[in-house]
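A quick write-up on the structure given underneath.
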Amino acid sequence: MIRFCTRCVYPETKPDLAFDDSGVCSACLGFEKRAEVDWADRRRQFVEVTDRYRSKQGSNYDCIVPVSGGKDSTYQVIRLIEHGLNPLCVTATTDSLSEIGRRNLQNIGKLGVDCIEVSVDPVLRRRINRIALREVGDISWPEHVLIFTIPVRMAVAMRVPLIVWGENSQNEYGGPATAQESQVLDRRWLEEFGGLLGLRVSDLVGLEGITERDLIQYRYPTDEDLRSVGVTGIFLGYFFPWDGYQNAIIAQGYGFETFPHVVEGSLASYENLDNHQTGIHDYFKYLKYGFGRASDIANNHIRRGRLTREDAVRLVRRHDGRFPSTYLGRPIEQILAEIGMSLDEFNSICDRFTNKRLFRLDNRGKPVRDADGNLVPEFTLS
Ligand SMILES: [Zn+2]
């Protein structure tokens with residue numbers, strides 16, 4: 001039987017999550033520490049840091065801000081403009097950009113900023129989607145690499161040393177204390193927490209005809225290049241109290257568009273709107289660890305007093321881990337066709353990555369599915 005946090009709904013199977021003696025998880029404990037933070041002082045620190053990097057006489061951008069076009073990146077850009085900064089927005093195009101995602105990206109430009117979008121070879125990328133899904137059960141692996149490497153490469157190319165990232169995911173979602181308190185994102189952070197699941201970029205060379213020269217944008221700049229520009233990254237979430245829901249409200253006030261209904265497998269209509277493959281990514285998290293995006297969102301609300309644990313339990317049981325038959329309205333067959341994969345192969349990859357201790361199996365050890373294609377959990381969130 002797996003144990004859940006007594007305050008939120010995270011299971012003990014979540015990677016890097018620890019529990020204290022009263023059964024409270026490290027994500028909740030980390031959040032509690034926020035009450036002790038002097039946010040006015042953090043804001044002063046933010047002004048101090050950004051002033052140090054501000055371009056003299058406006059000859060270059062003051063900072064790079066990585067933007068997906070989501071609520072958080074919209075909010076980041078708004079905060080930077082508010083502080084009189086002139087950011088260069090850098091977008092790594094998502095794996096399978098949705099129409100609403102494209103409109104939200106265009107909306108960022110309308111805030112009054114310059115934007116650069118880097119779109120890597122889509123043929124190669126789909127090959128990598130397929131390889132990563134087969135090898136490590138993560139269709140979004142190339143996206144998670146590129147959202148980190150492309151802004152850093154651009155910082156070097158444009159000689160803009162400061163990169164302003166959004167939240168430190170180790171903070172909001174729990175993680176080792178040193179990673180939670182970190183305010184900078186460097187190569188080590190990326191390698192440890194960037195979600196690469198042990199598959200290194202260099203491992204791709206030789207697979208399905210991939211060569212070194214196909215992977216330029218997937219590589220982090222060299223230490224020498226980083227040093228010559230003095231590239232450094234900060235998390236905005238260290239300086240301003242981070243809340244995705246609040247960010248969505250602010251972003252909407254500046255033209256950010258939400259989905260007409262709650263996104264499949266989620267509890268929100270205001271996030272993860274830019275990539276049709278995200279439903280598959282989140283489903284694999286559920287197969288491996290027994291929780292999905294609905295848990296993440298419910299927990300963010302619980303910690304901020306907007307949802308009781310009791311209500312969260314009901315909502316999560318209803319929405320988490322549903323088979324992703326559509327995402328943002330697009331049928332899974334179509335999403336898989338883009339990466340050249342059949343539904344049969346997809347299902348067999350799902351079975352391979354399903355945590356056999358968490359779900360009901362048939363007498364041959366194969367995960368059992370109900371009439372809607374959903375797994376039958378052997379654990380009960382309560
Ligand atoms: Zn918790």
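Chain labels run A, B, ... following the order of the structure tokens; each chain numbers its residues from 1, and ligands are numbered from 1 in the order shown.
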Chain A residues near ligand 1 within 10 Å, closest pair each, using only C-alpha atoms and all ligand atoms, as a tab-separated table:
```
residue	atom	partner	partner_atom_place_in_ligand_line	distance
A:Phe4	CA	ligand 1	1 (Zn)	7.9
A:Cys5	CA	ligand 1	1 (Zn)	4.7
A:Thr6	CA	ligand 1	1 (Zn)	6.6
A:Arg7	CA	ligand 1	1 (Zn)	5.1
A:Cys8	CA	ligand 1	1 (Zn)	4.0
A:Val9	CA	ligand 1	1 (Zn)	6.2
A:Tyr10	CA	ligand 1	1 (Zn)	5.7
A:Pro11	CA	ligand 1	1 (Zn)	8.5
A:Glu12	CA	ligand 1	1 (Zn)	9.7
A:Leu17	CA	ligand 1	1 (Zn)	9.0
A:Ala18	CA	ligand 1	1 (Zn)	9.4
A:Phe19	CA	ligand 1	1 (Zn)	8.2
A:Gly23	CA	ligand 1	1 (Zn)	8.3
A:Val24	CA	ligand 1	1 (Zn)	5.3
A:Cys25	CA	ligand 1	1 (Zn)	4.1
A:Ser26	CA	ligand 1	1 (Zn)	6.5
A:Ala27	CA	ligand 1	1 (Zn)	5.5
A:Cys28	CA	ligand 1	1 (Zn)	4.3
A:Leu29	CA	ligand 1	1 (Zn)	7.3
A:Gly30	CA	ligand 1	1 (Zn)	9.3
A:Phe31	CA	ligand 1	1 (Zn)	9.2
A:Tyr173	CA	ligand 1	1 (Zn)	8.9
A:Gly174	CA	ligand 1	1 (Zn)	8.5
A:Asn299	CA	ligand 1	1 (Zn)	7.3
A:Asn300	CA	ligand 1	1 (Zn)	9.7
A:Ile302	CA	ligand 1	1 (Zn)	9.1
A:Arg303	CA	ligand 1	1 (Zn)	8.3
```
Would you kindly return, as a PDB file with C-alpha atoms, in the first residue's frame, each protein, DNA or RNA residue with an atom no farther than 10 Å from any atom of Glu135 in chain A, considering only C-alpha atoms and excluding same-chain residues fewer than 5 positions away?
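Generated file (out-v8.pdb):
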```pdb
ATOM      1  CA  ASN A 129      10.161  11.807 -29.462  1.00  0.00           C
ATOM      2  CA  ARG A 130       9.742   8.199 -30.551  1.00  0.00           C
ATOM      3  CA  LEU A 197      15.863  10.475 -16.933  1.00  0.00           C
ATOM      4  CA  LEU A 199      19.151   9.574 -21.328  1.00  0.00           C
ATOM      5  CA  ILE A 349       5.142   0.815 -24.396  1.00  0.00           C
ATOM      6  CA  PHE A 353       6.525   1.387 -18.181  1.00  0.00           C
TER       7      PHE A 353
END
```
Could you give me, as a ChimeraX atom specification, each residue of range 160-331 of chain A that DSSP assigns to alpha helix (DSSP H) when run on this structure's backbone?
-> /A:169-172,177-181,187-193,223-229,236-239,244-253,278-289,293-303,309-319
Under the rule of at most 8 Å, produce a per-residue listing of range 38-135 of chain A near range 144-157 of chain A: chain, number, name, the closest pair of atoms, and the distance in Å, as JSON lines, using only C-alpha atoms.
```
{"residue": "A:Ile64", "atom": "CA", "partner": "A:Ala155", "partner_atom": "CA", "distance": 6.6}
{"residue": "A:Val65", "atom": "CA", "partner": "A:Pro151", "partner_atom": "CA", "distance": 7.5}
{"residue": "A:Pro66", "atom": "CA", "partner": "A:Pro151", "partner_atom": "CA", "distance": 5.8}
{"residue": "A:Val90", "atom": "CA", "partner": "A:Pro151", "partner_atom": "CA", "distance": 5.9}
{"residue": "A:Thr91", "atom": "CA", "partner": "A:Pro151", "partner_atom": "CA", "distance": 7.5}
{"residue": "A:Ala92", "atom": "CA", "partner": "A:Ile147", "partner_atom": "CA", "distance": 5.6}
{"residue": "A:Val118", "atom": "CA", "partner": "A:Ile150", "partner_atom": "CA", "distance": 7.4}
```
Output file for the residues above (all heavy atoms, as an mmCIF file, in the first residue's frame):
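That gives us result22.cif:
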```cif
data_model
loop_
_atom_site.group_PDB
_atom_site.id
_atom_site.type_symbol
_atom_site.label_atom_id
_atom_site.label_comp_id
_atom_site.auth_asym_id
_atom_site.auth_seq_id
_atom_site.Cartn_x
_atom_site.Cartn_y
_atom_site.Cartn_z
ATOM 1 N N ILE A 64 17.642 37.690 -20.914
ATOM 2 C CA ILE A 64 16.921 36.741 -21.775
ATOM 3 C C ILE A 64 15.799 36.166 -20.927
ATOM 4 O O ILE A 64 16.014 35.829 -19.765
ATOM 5 C CB ILE A 64 17.852 35.573 -22.188
ATOM 6 C CG1 ILE A 64 19.034 36.087 -23.017
ATOM 7 C CG2 ILE A 64 17.082 34.442 -22.850
ATOM 8 C CD1 ILE A 64 18.942 35.945 -24.484
ATOM 9 N N VAL A 65 14.613 36.040 -21.489
ATOM 10 C CA VAL A 65 13.563 35.329 -20.765
ATOM 11 C C VAL A 65 13.038 34.203 -21.652
ATOM 12 O O VAL A 65 12.579 34.435 -22.768
ATOM 13 C CB VAL A 65 12.450 36.281 -20.244
ATOM 14 C CG1 VAL A 65 11.833 37.093 -21.344
ATOM 15 C CG2 VAL A 65 11.365 35.508 -19.514
ATOM 16 N N PRO A 66 13.185 32.963 -21.166
ATOM 17 C CA PRO A 66 12.695 31.826 -21.943
ATOM 18 C C PRO A 66 11.167 31.831 -21.891
ATOM 19 O O PRO A 66 10.600 31.878 -20.797
ATOM 20 C CB PRO A 66 13.246 30.611 -21.198
ATOM 21 C CG PRO A 66 14.296 31.159 -20.261
ATOM 22 C CD PRO A 66 13.863 32.534 -19.930
ATOM 23 N N VAL A 90 12.923 34.361 -25.657
ATOM 24 C CA VAL A 90 13.433 33.264 -26.482
ATOM 25 C C VAL A 90 12.523 32.051 -26.338
ATOM 26 O O VAL A 90 12.286 31.568 -25.229
ATOM 27 C CB VAL A 90 14.876 32.896 -26.082
ATOM 28 C CG1 VAL A 90 15.353 31.682 -26.876
ATOM 29 C CG2 VAL A 90 15.803 34.075 -26.302
ATOM 30 N N THR A 91 12.021 31.597 -27.453
ATOM 31 C CA THR A 91 11.103 30.455 -27.457
ATOM 32 C C THR A 91 11.735 29.260 -28.142
ATOM 33 O O THR A 91 12.269 29.387 -29.243
ATOM 34 C CB THR A 91 9.807 30.823 -28.224
ATOM 35 O OG1 THR A 91 9.193 31.929 -27.573
ATOM 36 C CG2 THR A 91 8.843 29.659 -28.266
ATOM 37 N N ALA A 92 11.673 28.131 -27.484
ATOM 38 C CA ALA A 92 11.987 26.860 -28.137
ATOM 39 C C ALA A 92 10.626 26.290 -28.517
ATOM 40 O O ALA A 92 9.835 25.949 -27.637
ATOM 41 C CB ALA A 92 12.706 25.945 -27.160
ATOM 42 N N VAL A 118 13.169 29.587 -31.858
ATOM 43 C CA VAL A 118 14.042 28.607 -32.501
ATOM 44 C C VAL A 118 13.249 27.320 -32.705
ATOM 45 O O VAL A 118 12.734 26.746 -31.747
ATOM 46 C CB VAL A 118 15.303 28.340 -31.642
ATOM 47 C CG1 VAL A 118 16.178 27.277 -32.296
ATOM 48 C CG2 VAL A 118 16.075 29.633 -31.415
#
```
